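Dropping my_file_7.cif in here (mmCIF, C-alpha atoms):
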data_my_file
#
loop_
_atom_site.group_PDB
_atom_site.id
_atom_site.type_symbol
_atom_site.label_atom_id
_atom_site.label_comp_id
_atom_site.auth_asym_id
_atom_site.auth_seq_id
_atom_site.Cartn_x
_atom_site.Cartn_y
_atom_site.Cartn_z
ATOM 1 C CA MET A 1 30.962 -1.810 -33.420
ATOM 2 C CA LYS A 2 27.247 -1.963 -32.792
ATOM 3 C CA VAL A 3 26.224 -3.059 -29.300
ATOM 4 C CA PRO A 4 22.947 -5.017 -29.115
ATOM 5 C CA TYR A 5 20.290 -4.071 -26.622
ATOM 6 C CA ALA A 6 20.998 -5.389 -23.157
ATOM 7 C CA ASP A 7 19.753 -8.775 -22.050
ATOM 8 C CA ARG A 8 16.681 -8.885 -19.843
ATOM 9 C CA ASP A 9 17.064 -10.450 -16.422
ATOM 10 C CA SER A 10 15.594 -13.955 -16.498
ATOM 11 C CA ARG A 11 13.759 -13.358 -13.208
ATOM 12 C CA LEU A 12 10.223 -12.022 -13.340
ATOM 13 C CA THR A 13 10.258 -9.472 -10.533
ATOM 14 C CA ILE A 14 7.436 -6.999 -10.035
ATOM 15 C CA GLN A 15 7.992 -4.319 -7.404
ATOM 16 C CA GLY A 16 4.568 -3.087 -6.388
ATOM 17 C CA LYS A 17 1.411 -2.031 -8.192
ATOM 18 C CA LYS A 18 3.176 0.734 -10.150
ATOM 19 C CA ASP A 19 5.971 -1.425 -11.584
ATOM 20 C CA ARG A 20 5.978 -1.106 -15.387
ATOM 21 C CA LEU A 21 5.349 -4.843 -15.808
ATOM 22 C CA GLN A 22 2.332 -4.662 -13.515
ATOM 23 C CA VAL A 23 0.995 -1.577 -15.295
ATOM 24 C CA VAL A 24 1.181 -3.424 -18.629
ATOM 25 C CA LEU A 25 -0.511 -6.502 -17.144
ATOM 26 C CA ASP A 26 -3.298 -4.328 -15.751
ATOM 27 C CA ILE A 27 -3.932 -2.879 -19.204
ATOM 28 C CA PHE A 28 -4.184 -6.317 -20.811
ATOM 29 C CA SER A 29 -6.356 -7.591 -17.979
ATOM 30 C CA LYS A 30 -8.791 -4.715 -18.462
ATOM 31 C CA TYR A 31 -9.057 -5.225 -22.215
ATOM 32 C CA SER A 32 -9.305 -9.025 -22.051
ATOM 33 C CA SER A 33 -12.977 -8.686 -21.102
ATOM 34 C CA LYS A 34 -13.645 -6.330 -24.011
ATOM 35 C CA ARG A 35 -11.939 -8.077 -26.930
ATOM 36 C CA ASN A 36 -10.436 -11.372 -27.998
ATOM 37 C CA PHE A 37 -6.680 -11.647 -28.337
ATOM 38 C CA ASP A 38 -5.819 -14.284 -30.918
ATOM 39 C CA ARG A 39 -2.176 -13.260 -31.290
ATOM 40 C CA ILE A 40 0.019 -11.079 -29.082
ATOM 41 C CA LEU A 41 3.652 -10.125 -29.702
ATOM 42 C CA ASP A 42 6.129 -9.386 -26.911
ATOM 43 C CA THR A 43 8.943 -7.569 -28.713
ATOM 44 C CA ARG A 44 11.477 -8.285 -25.983
ATOM 45 C CA CYS A 45 10.529 -11.613 -24.473
ATOM 46 C CA GLY A 46 13.768 -12.594 -22.716
ATOM 47 C CA ASP A 47 13.369 -16.129 -21.423
ATOM 48 C CA GLY A 48 9.598 -15.930 -21.838
ATOM 49 C CA SER A 49 8.720 -15.551 -18.145
ATOM 50 C CA PHE A 50 6.739 -12.354 -18.581
ATOM 51 C CA SER A 51 5.298 -13.471 -21.919
ATOM 52 C CA LYS A 52 3.701 -16.489 -20.213
ATOM 53 C CA VAL A 53 2.074 -14.298 -17.583
ATOM 54 C CA LEU A 54 0.906 -11.946 -20.335
ATOM 55 C CA LYS A 55 -0.767 -14.857 -22.109
ATOM 56 C CA GLU A 56 -2.623 -15.894 -18.956
ATOM 57 C CA VAL A 57 -3.793 -12.379 -18.083
ATOM 58 C CA SER A 58 -5.004 -11.559 -21.596
ATOM 59 C CA ASN A 59 -6.474 -15.007 -22.348
ATOM 60 C CA ALA A 60 -4.562 -14.911 -25.609
ATOM 61 C CA LYS A 61 -4.568 -17.938 -27.874
ATOM 62 C CA GLU A 62 -1.001 -17.425 -29.076
ATOM 63 C CA VAL A 63 1.905 -15.334 -27.800
ATOM 64 C CA TYR A 64 4.953 -14.642 -29.953
ATOM 65 C CA GLY A 65 8.228 -13.194 -28.749
ATOM 66 C CA PHE A 66 11.286 -11.479 -30.185
ATOM 67 C CA GLU A 67 14.707 -11.779 -28.580
ATOM 68 C CA PHE A 68 18.249 -10.924 -29.662
ATOM 69 C CA TYR A 69 20.003 -13.676 -27.714
ATOM 70 C CA GLU A 70 19.787 -17.267 -28.942
ATOM 71 C CA ASN A 71 19.914 -18.862 -25.476
ATOM 72 C CA LYS A 72 16.927 -16.785 -24.363
ATOM 73 C CA VAL A 73 15.001 -17.768 -27.474
ATOM 74 C CA GLU A 74 15.460 -21.432 -26.599
ATOM 75 C CA LEU A 75 14.297 -20.878 -23.012
ATOM 76 C CA ALA A 76 11.219 -18.987 -24.191
ATOM 77 C CA ARG A 77 10.322 -21.748 -26.642
ATOM 78 C CA ARG A 78 10.568 -24.363 -23.908
ATOM 79 C CA GLY A 79 8.041 -22.319 -21.969
ATOM 80 C CA GLY A 80 5.550 -22.367 -24.812
ATOM 81 C CA ILE A 81 6.315 -18.968 -26.344
ATOM 82 C CA MET A 82 6.734 -18.847 -30.120
ATOM 83 C CA ALA A 83 10.022 -16.981 -29.889
ATOM 84 C CA LEU A 84 12.187 -15.770 -32.762
ATOM 85 C CA GLN A 85 15.709 -14.366 -32.814
ATOM 86 C CA ILE A 86 15.713 -10.974 -34.506
ATOM 87 C CA ASP A 87 17.644 -7.712 -34.701
ATOM 88 C CA LEU A 88 14.912 -5.114 -34.282
ATOM 89 C CA ASP A 89 17.083 -2.315 -35.651
ATOM 90 C CA GLU A 90 17.718 -3.925 -39.020
ATOM 91 C CA GLU A 91 15.221 -6.709 -39.682
ATOM 92 C CA ASP A 92 11.575 -6.552 -40.656
ATOM 93 C CA PHE A 93 9.110 -8.513 -38.544
ATOM 94 C CA PRO A 94 8.668 -11.937 -40.242
ATOM 95 C CA PHE A 95 4.876 -11.646 -40.290
ATOM 96 C CA GLU A 96 2.264 -10.490 -42.751
ATOM 97 C CA ASP A 97 0.385 -7.210 -42.463
ATOM 98 C CA ASN A 98 -2.368 -6.906 -39.832
ATOM 99 C CA TYR A 99 -1.283 -10.080 -38.020
ATOM 100 C CA PHE A 100 -1.373 -9.216 -34.300
ATOM 101 C CA ASP A 101 -4.211 -8.111 -32.042
ATOM 102 C CA ALA A 102 -1.744 -6.499 -29.633
ATOM 103 C CA ILE A 103 1.969 -5.742 -29.447
ATOM 104 C CA CYS A 104 3.866 -4.734 -26.326
ATOM 105 C CA ALA A 105 7.294 -3.143 -26.156
ATOM 106 C CA ILE A 106 8.608 -2.998 -22.603
ATOM 107 C CA ASP A 107 12.001 -1.344 -22.116
ATOM 108 C CA ILE A 108 13.103 -1.884 -25.716
ATOM 109 C CA ILE A 109 12.631 1.316 -27.760
ATOM 110 C CA GLU A 110 15.365 3.113 -25.789
ATOM 111 C CA HIS A 111 17.829 0.382 -26.829
ATOM 112 C CA LEU A 112 17.317 0.896 -30.562
ATOM 113 C CA TYR A 113 19.331 2.978 -32.973
ATOM 114 C CA ASP A 114 16.378 3.198 -35.360
ATOM 115 C CA PRO A 115 13.083 3.440 -33.446
ATOM 116 C CA ASP A 116 11.320 4.632 -36.621
ATOM 117 C CA HIS A 117 11.934 1.309 -38.354
ATOM 118 C CA PHE A 118 10.654 -0.511 -35.268
ATOM 119 C CA LEU A 119 7.477 1.578 -35.090
ATOM 120 C CA GLU A 120 6.851 1.131 -38.814
ATOM 121 C CA GLU A 121 6.963 -2.632 -38.378
ATOM 122 C CA VAL A 122 4.718 -2.498 -35.308
ATOM 123 C CA TYR A 123 2.177 -0.481 -37.281
ATOM 124 C CA ARG A 124 2.375 -2.762 -40.311
ATOM 125 C CA THR A 125 1.858 -6.013 -38.421
ATOM 126 C CA LEU A 126 -0.787 -4.696 -36.006
ATOM 127 C CA LYS A 127 -4.440 -5.181 -36.905
ATOM 128 C CA PRO A 128 -6.610 -2.083 -37.398
ATOM 129 C CA ASN A 129 -7.679 -0.859 -33.962
ATOM 130 C CA GLY A 130 -5.091 -3.217 -32.443
ATOM 131 C CA LEU A 131 -3.361 -2.288 -29.177
ATOM 132 C CA PHE A 132 0.233 -1.147 -28.894
ATOM 133 C CA ILE A 133 1.646 -0.760 -25.385
ATOM 134 C CA VAL A 134 5.067 0.837 -25.014
ATOM 135 C CA ALA A 135 6.977 1.333 -21.761
ATOM 136 C CA THR A 136 10.269 3.188 -21.532
ATOM 137 C CA PRO A 137 12.351 5.267 -19.091
ATOM 138 C CA ASN A 138 11.418 8.937 -18.934
ATOM 139 C CA LEU A 139 14.298 11.311 -19.607
ATOM 140 C CA ALA A 140 12.350 14.145 -17.962
ATOM 141 C CA SER A 141 11.554 12.230 -14.758
ATOM 142 C CA ILE A 142 11.923 14.066 -11.459
ATOM 143 C CA HIS A 143 14.850 11.737 -10.718
ATOM 144 C CA ASN A 144 16.740 12.881 -13.813
ATOM 145 C CA ARG A 145 15.803 16.532 -13.346
ATOM 146 C CA ILE A 146 17.253 16.530 -9.818
ATOM 147 C CA ALA A 147 20.359 14.654 -10.976
ATOM 148 C CA LEU A 148 21.013 17.187 -13.746
ATOM 149 C CA PHE A 149 20.376 20.120 -11.402
ATOM 150 C CA LEU A 150 23.048 18.752 -9.068
ATOM 151 C CA GLY A 151 25.454 18.152 -11.948
ATOM 152 C CA PHE A 152 25.073 14.367 -12.173
ATOM 153 C CA GLN A 153 24.317 12.147 -15.152
ATOM 154 C CA PRO A 154 20.636 11.235 -15.710
ATOM 155 C CA PHE A 155 19.921 7.779 -14.307
ATOM 156 C CA CYS A 156 18.654 6.469 -17.654
ATOM 157 C CA ILE A 157 21.837 7.330 -19.567
ATOM 158 C CA ASN A 158 25.383 6.039 -19.080
ATOM 159 C CA LEU A 159 28.215 7.252 -21.299
ATOM 160 C CA SER A 160 30.556 4.278 -20.976
ATOM 161 C CA LEU A 161 30.124 0.665 -22.042
ATOM 162 C CA ARG A 162 32.708 -0.394 -19.438
ATOM 163 C CA PHE A 163 32.168 1.722 -16.324
ATOM 164 C CA PRO A 164 29.242 3.294 -14.443
ATOM 165 C CA ILE A 165 29.827 7.006 -14.988
ATOM 166 C CA GLY A 166 28.585 10.072 -13.156
ATOM 167 C CA HIS A 167 25.439 8.878 -11.358
ATOM 168 C CA ILE A 168 24.337 9.874 -7.850
ATOM 169 C CA TYR A 169 23.702 6.269 -6.879
ATOM 170 C CA LYS A 170 25.491 3.203 -8.199
ATOM 171 C CA ILE A 171 24.314 -0.342 -7.649
ATOM 172 C CA ARG A 172 26.903 -2.286 -5.710
ATOM 173 C CA GLY A 173 28.538 -5.085 -7.679
ATOM 174 C CA GLU A 174 27.216 -3.857 -11.008
ATOM 175 C CA LYS A 175 30.062 -3.104 -13.405
ATOM 176 C CA VAL A 176 28.060 -1.588 -16.248
ATOM 177 C CA PRO A 177 24.455 -0.425 -15.659
ATOM 178 C CA PRO A 178 21.769 -1.330 -18.221
ATOM 179 C CA SER A 179 21.513 2.349 -19.159
ATOM 180 C CA SER A 180 24.849 2.045 -20.975
ATOM 181 C CA HIS A 181 22.845 0.484 -23.818
ATOM 182 C CA HIS A 182 20.230 3.252 -23.958
ATOM 183 C CA PHE A 183 20.603 5.068 -27.270
ATOM 184 C CA ARG A 184 17.230 6.818 -27.710
ATOM 185 C CA VAL A 185 15.835 8.009 -24.380
ATOM 186 C CA PHE A 186 12.490 9.800 -24.641
ATOM 187 C CA THR A 187 10.614 12.351 -22.613
ATOM 188 C CA LEU A 188 6.877 11.744 -22.400
ATOM 189 C CA ARG A 189 6.298 14.591 -24.836
ATOM 190 C CA SER A 190 8.757 13.255 -27.437
ATOM 191 C CA LEU A 191 7.455 9.684 -27.130
ATOM 192 C CA LYS A 192 3.889 10.850 -27.790
ATOM 193 C CA GLU A 193 5.108 12.890 -30.745
ATOM 194 C CA ILE A 194 6.958 10.042 -32.459
ATOM 195 C CA LEU A 195 3.969 7.726 -31.941
ATOM 196 C CA LYS A 196 1.689 10.256 -33.615
ATOM 197 C CA HIS A 197 4.125 10.571 -36.531
ATOM 198 C CA HIS A 198 3.697 6.835 -37.042
ATOM 199 C CA LYS A 199 -0.112 7.129 -37.061
ATOM 200 C CA PHE A 200 -0.856 5.727 -33.609
ATOM 201 C CA SER A 201 -3.688 7.281 -31.620
ATOM 202 C CA ILE A 202 -2.929 7.582 -27.913
ATOM 203 C CA ASP A 203 -5.591 6.277 -25.510
ATOM 204 C CA GLU A 204 -3.913 6.174 -22.096
ATOM 205 C CA VAL A 205 -0.740 7.501 -20.505
ATOM 206 C CA LYS A 206 0.424 6.042 -17.202
ATOM 207 C CA GLY A 207 3.426 6.510 -14.959
ATOM 208 C CA ALA A 208 5.521 3.619 -13.654
ATOM 209 C CA SER A 209 8.051 3.358 -10.871
ATOM 210 C CA ALA A 210 11.761 2.656 -11.024
ATOM 211 C CA VAL A 211 13.093 -0.821 -10.283
ATOM 212 C CA LEU A 212 14.985 -0.332 -7.022
ATOM 213 C CA PRO A 213 17.813 -2.538 -5.701
ATOM 214 C CA ASP A 214 16.506 -4.715 -2.867
ATOM 215 C CA ASP A 215 19.444 -3.701 -0.662
ATOM 216 C CA MET A 216 19.002 0.011 -1.278
ATOM 217 C CA PRO A 217 19.118 2.083 1.952
ATOM 218 C CA PHE A 218 15.624 3.130 3.111
ATOM 219 C CA TYR A 219 14.078 0.833 0.503
ATOM 220 C CA LYS A 220 10.504 0.985 1.881
ATOM 221 C CA PHE A 221 10.526 4.781 1.954
ATOM 222 C CA PHE A 222 11.785 5.106 -1.612
ATOM 223 C CA ARG A 223 9.363 2.434 -2.828
ATOM 224 C CA ALA A 224 6.427 4.387 -1.367
ATOM 225 C CA LEU A 225 7.811 7.616 -2.850
ATOM 226 C CA GLU A 226 8.153 5.946 -6.259
ATOM 227 C CA GLU A 227 4.531 4.844 -6.216
ATOM 228 C CA PHE A 228 3.413 8.375 -5.359
ATOM 229 C CA ILE A 229 5.479 9.986 -8.128
ATOM 230 C CA SER A 230 4.093 7.456 -10.619
ATOM 231 C CA ASN A 231 0.730 9.217 -10.357
ATOM 232 C CA PHE A 232 2.303 12.000 -12.446
ATOM 233 C CA PRO A 233 3.490 10.417 -15.740
ATOM 234 C CA SER A 234 5.489 13.439 -16.907
ATOM 235 C CA LEU A 235 7.616 13.135 -13.755
ATOM 236 C CA SER A 236 7.619 9.355 -13.222
ATOM 237 C CA TYR A 237 10.695 7.242 -13.787
ATOM 238 C CA GLU A 238 9.019 5.268 -16.572
ATOM 239 C CA VAL A 239 6.055 6.011 -18.801
ATOM 240 C CA VAL A 240 3.609 3.493 -20.230
ATOM 241 C CA ILE A 241 1.502 4.480 -23.216
ATOM 242 C CA LEU A 242 -1.457 2.561 -24.610
ATOM 243 C CA CYS A 243 -2.161 3.455 -28.199
ATOM 244 C CA LYS A 244 -4.093 2.017 -31.125
ATOM 245 C CA LYS A 245 -3.485 1.665 -34.815
ATOM 246 C CA GLU A 246 -5.637 4.206 -36.569
ATOM 247 C CA GLU A 247 -7.920 2.638 -39.155
#

What does the file become when written as structure tokens?
Amino acid sequence: MKVPYADRDSRLTIQGKKDRLQVVLDIFSKYSSKRNFDRILDTRCGDGSFSKVLKEVSNAKEVYGFEFYENKVELARRGGIMALQIDLDEEDFPFEDNYFDAICAIDIIEHLYDPDHFLEEVYRTLKPNGLFIVATPNLASIHNRIALFLGFQPFCINLSLRFPIGHIYKIRGEKVPPSSHHFRVFTLRSLKEILKHHKFSIDEVKGASAVLPDDMPFYKFFRALEEFISNFPSLSYEVVILCKKEE
């Protein structure tokens, strides 16, 4: 039985300047002074918390959102986001060609069985020269390289839908980590390659830090270390790529 991509936490939590949400916001903030955003699509809007912040930062006129779970769609709509329930693996985007000025995909592509279909729809509905920002865990991060060297499971992959399996560190109280729903985990090199196959030109590549449990031992030390590692995208826990639709 197919398992849908995991639900996004309803809380908007940003851990430092290198958090993947902050990195995406910084990109939109920079471009908001250079171009007008009439329509933006958040392909995994959750309850709409981040989508609302994205609208403010980008000065967008309209922000649309996709979400798998009906209750989250309702919450996002109450917050002013034009949210739609959709299965990104199987359904086409219900919009005409060249509709959006920008599309962001934060922590979603790794949850899909068919990322090619998703990228085709992003390309189709994005305006020429429109922005596409994708953020996803990095399979080749230094964290995963060390884990594999020591014989542990990479942090971004879990082999059981019921139990946390084989990781160095397990979050207390969490029965099944979000990585149990990761089906297509990319290295930076492979992510750039699949984007190029789908005719996107890559403008910027940035690293982003891992989201750490607040009660993690030596939290401040590991937070500082995460921000340092994020300066090297090929080794960072997450990667964020800004690309454009080639005309």

Edge lengths and centre in Å to one decimal, as AutoDock Vina command-line options, of the axis-aligned box that encloses all listed atoms of region 74-82 of chain A with 3 Å added on every side?
--center_x 10.5 --center_y -21.6 --center_z -26.0 --size_x 15.9 --size_y 11.5 --size_z 14.2

Show me, as a ChimeraX atom specification, the residues that have an atom within 8 Å of region 45-62 of chain A when counting all atoms listed in the file, minus same-chain residues fewer than 2 positions from it. /A:7-12,25,28-29,31-32,36-40,42-43,64-67,72-77,79-83

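Near region 194-205 of chain A, within 6 Å and counting all atoms listed in the file, sit A:Val240, A:Ile241, A:Leu242, A:Cys243, A:Lys244, A:Lys245, A:Glu246; same-chain residues fewer than 6 positions away were not included.
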
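Here CA of Phe186 (chain A) and CA of Ile106 (chain A) stand 13.5 Å from one another.
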
Residue contacts of Pro233 (chain A) (6 Å, all atoms listed in the file) excluding same-chain residues fewer than 6 positions away, as a PDB file with C-alpha atoms, in the frame of the given file:
ATOM      1  CA  LYS A 206       0.424   6.042 -17.202  1.00  0.00           C
ATOM      2  CA  GLY A 207       3.426   6.510 -14.959  1.00  0.00           C
ATOM      3  CA  VAL A 239       6.055   6.011 -18.801  1.00  0.00           C
TER       4      VAL A 239
END

For each of A:Ser234, A:Ser141, A:Asn98, A:Ser209, take the minimum atom-to-atom distance to Lys192 (chain A), counting only C-alpha atoms, then give the residue where this is smallest. A:Ser234

Result set, the PyMOL selection byres ((chain A and resi 97) around 6) on current file, as a PyMOL selection string: chain A and resi 96+98-99+124-125

Keeping C-alpha atoms, export the residues of the selection given above as a PDB file, keeping the file's coordinate frame.
ATOM      1  CA  GLU A  96       2.264 -10.490 -42.751  1.00  0.00           C
ATOM      2  CA  ASN A  98      -2.368  -6.906 -39.832  1.00  0.00           C
ATOM      3  CA  TYR A  99      -1.283 -10.080 -38.020  1.00  0.00           C
ATOM      4  CA  ARG A 124       2.375  -2.762 -40.311  1.00  0.00           C
ATOM      5  CA  THR A 125       1.858  -6.013 -38.421  1.00  0.00           C
TER       6      THR A 125
END

Atomic separation - CA of Leu119 (chain A) relative to CA of Leu41 (chain A), Å: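 About the pair CA of Leu41 (chain A) and CA of Leu119 (chain A): they are 13.4 Å apart.
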
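Residues within 10 Å of Lys18 (chain A), counting all atoms listed in the file and excluding same-chain residues fewer than 2 positions away, are Ile14, Gln15, Gly16, Arg20, Leu21, Gln22, Val23, Val24, Asp26, Lys206, Gly207, Ala208, Ser209, Ala210, Arg223, Glu226, Glu227, Phe228, Ile229, Ser230, Asn231 and Glu238 of chain A.
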
Would you fill the gaps in region 132-143 of chain A so it has all heavy atoms, then print it as a JSON list (two decimals), in the coordinates of the input?
[["chain", "number", "residue", "atom", "x", "y", "z"],
["A", 132, "PHE", "N", -1.23, -1.22, -29.01],
["A", 132, "PHE", "CA", 0.23, -1.15, -28.89],
["A", 132, "PHE", "C", 0.56, -0.51, -27.57],
["A", 132, "PHE", "O", 0.15, 0.62, -27.29],
["A", 132, "PHE", "CB", 0.83, -0.34, -30.04],
["A", 132, "PHE", "CG", 2.33, -0.16, -29.95],
["A", 132, "PHE", "CD1", 3.16, -1.22, -29.61],
["A", 132, "PHE", "CD2", 2.91, 1.07, -30.23],
["A", 132, "PHE", "CE1", 4.53, -1.07, -29.52],
["A", 132, "PHE", "CE2", 4.29, 1.24, -30.15],
["A", 132, "PHE", "CZ", 5.09, 0.17, -29.79],
["A", 133, "ILE", "N", 1.27, -1.25, -26.70],
["A", 133, "ILE", "CA", 1.65, -0.76, -25.38],
["A", 133, "ILE", "C", 3.16, -0.62, -25.34],
["A", 133, "ILE", "O", 3.90, -1.58, -25.57],
["A", 133, "ILE", "CB", 1.18, -1.70, -24.27],
["A", 133, "ILE", "CG1", -0.35, -1.79, -24.25],
["A", 133, "ILE", "CG2", 1.67, -1.22, -22.91],
["A", 133, "ILE", "CD1", -0.91, -2.93, -25.05],
["A", 134, "VAL", "N", 3.64, 0.58, -25.07],
["A", 134, "VAL", "CA", 5.07, 0.84, -25.01],
["A", 134, "VAL", "C", 5.43, 1.40, -23.65],
["A", 134, "VAL", "O", 4.75, 2.30, -23.13],
["A", 134, "VAL", "CB", 5.50, 1.80, -26.16],
["A", 134, "VAL", "CG1", 4.72, 3.09, -26.12],
["A", 134, "VAL", "CG2", 7.00, 2.07, -26.10],
["A", 135, "ALA", "N", 6.47, 0.85, -23.04],
["A", 135, "ALA", "CA", 6.98, 1.33, -21.76],
["A", 135, "ALA", "C", 8.46, 1.64, -21.91],
["A", 135, "ALA", "O", 9.21, 0.86, -22.50],
["A", 135, "ALA", "CB", 6.77, 0.29, -20.67],
["A", 136, "THR", "N", 8.87, 2.78, -21.37],
["A", 136, "THR", "CA", 10.27, 3.19, -21.53],
["A", 136, "THR", "C", 10.64, 4.19, -20.44],
["A", 136, "THR", "O", 9.77, 4.90, -19.92],
["A", 136, "THR", "CB", 10.49, 3.81, -22.93],
["A", 136, "THR", "OG1", 11.88, 4.03, -23.15],
["A", 136, "THR", "CG2", 9.75, 5.13, -23.07],
["A", 137, "PRO", "N", 11.93, 4.26, -20.06],
["A", 137, "PRO", "CA", 12.35, 5.27, -19.09],
["A", 137, "PRO", "C", 12.06, 6.68, -19.58],
["A", 137, "PRO", "O", 12.09, 6.96, -20.79],
["A", 137, "PRO", "CB", 13.86, 5.03, -18.97],
["A", 137, "PRO", "CG", 14.05, 3.59, -19.35],
["A", 137, "PRO", "CD", 13.03, 3.34, -20.42],
["A", 138, "ASN", "N", 11.79, 7.56, -18.65],
["A", 138, "ASN", "CA", 11.42, 8.94, -18.93],
["A", 138, "ASN", "C", 12.61, 9.86, -18.68],
["A", 138, "ASN", "O", 13.03, 10.04, -17.54],
["A", 138, "ASN", "CB", 10.23, 9.33, -18.04],
["A", 138, "ASN", "CG", 9.84, 10.79, -18.19],
["A", 138, "ASN", "OD1", 10.21, 11.46, -19.16],
["A", 138, "ASN", "ND2", 9.08, 11.28, -17.22],
["A", 139, "LEU", "N", 13.14, 10.44, -19.73],
["A", 139, "LEU", "CA", 14.30, 11.31, -19.61],
["A", 139, "LEU", "C", 14.00, 12.52, -18.73],
["A", 139, "LEU", "O", 14.88, 13.04, -18.05],
["A", 139, "LEU", "CB", 14.76, 11.77, -21.00],
["A", 139, "LEU", "CG", 15.98, 12.68, -21.05],
["A", 139, "LEU", "CD1", 17.20, 12.00, -20.44],
["A", 139, "LEU", "CD2", 16.28, 13.10, -22.49],
["A", 140, "ALA", "N", 12.73, 12.96, -18.72],
["A", 140, "ALA", "CA", 12.35, 14.14, -17.96],
["A", 140, "ALA", "C", 11.77, 13.79, -16.59],
["A", 140, "ALA", "O", 11.07, 14.61, -15.99],
["A", 140, "ALA", "CB", 11.35, 14.98, -18.76],
["A", 141, "SER", "N", 12.05, 12.60, -16.08],
["A", 141, "SER", "CA", 11.55, 12.23, -14.76],
["A", 141, "SER", "C", 12.12, 13.16, -13.69],
["A", 141, "SER", "O", 13.16, 13.80, -13.88],
["A", 141, "SER", "CB", 11.93, 10.78, -14.43],
["A", 141, "SER", "OG", 13.33, 10.68, -14.18],
["A", 142, "ILE", "N", 11.43, 13.22, -12.56],
["A", 142, "ILE", "CA", 11.92, 14.07, -11.46],
["A", 142, "ILE", "C", 13.29, 13.60, -11.00],
["A", 142, "ILE", "O", 14.14, 14.40, -10.59],
["A", 142, "ILE", "CB", 10.90, 14.07, -10.28],
["A", 142, "ILE", "CG1", 11.29, 15.09, -9.23],
["A", 142, "ILE", "CG2", 10.77, 12.67, -9.69],
["A", 142, "ILE", "CD1", 11.23, 16.52, -9.70],
["A", 143, "HIS", "N", 13.55, 12.29, -11.10],
["A", 143, "HIS", "CA", 14.85, 11.74, -10.72],
["A", 143, "HIS", "C", 15.97, 12.34, -11.57],
["A", 143, "HIS", "O", 17.01, 12.77, -11.07],
["A", 143, "HIS", "CB", 14.86, 10.22, -10.89],
["A", 143, "HIS", "CG", 13.62, 9.52, -10.46],
["A", 143, "HIS", "ND1", 12.40, 9.71, -11.10],
["A", 143, "HIS", "CD2", 13.39, 8.63, -9.48],
["A", 143, "HIS", "CE1", 11.48, 8.97, -10.51],
["A", 143, "HIS", "NE2", 12.05, 8.31, -9.53]]
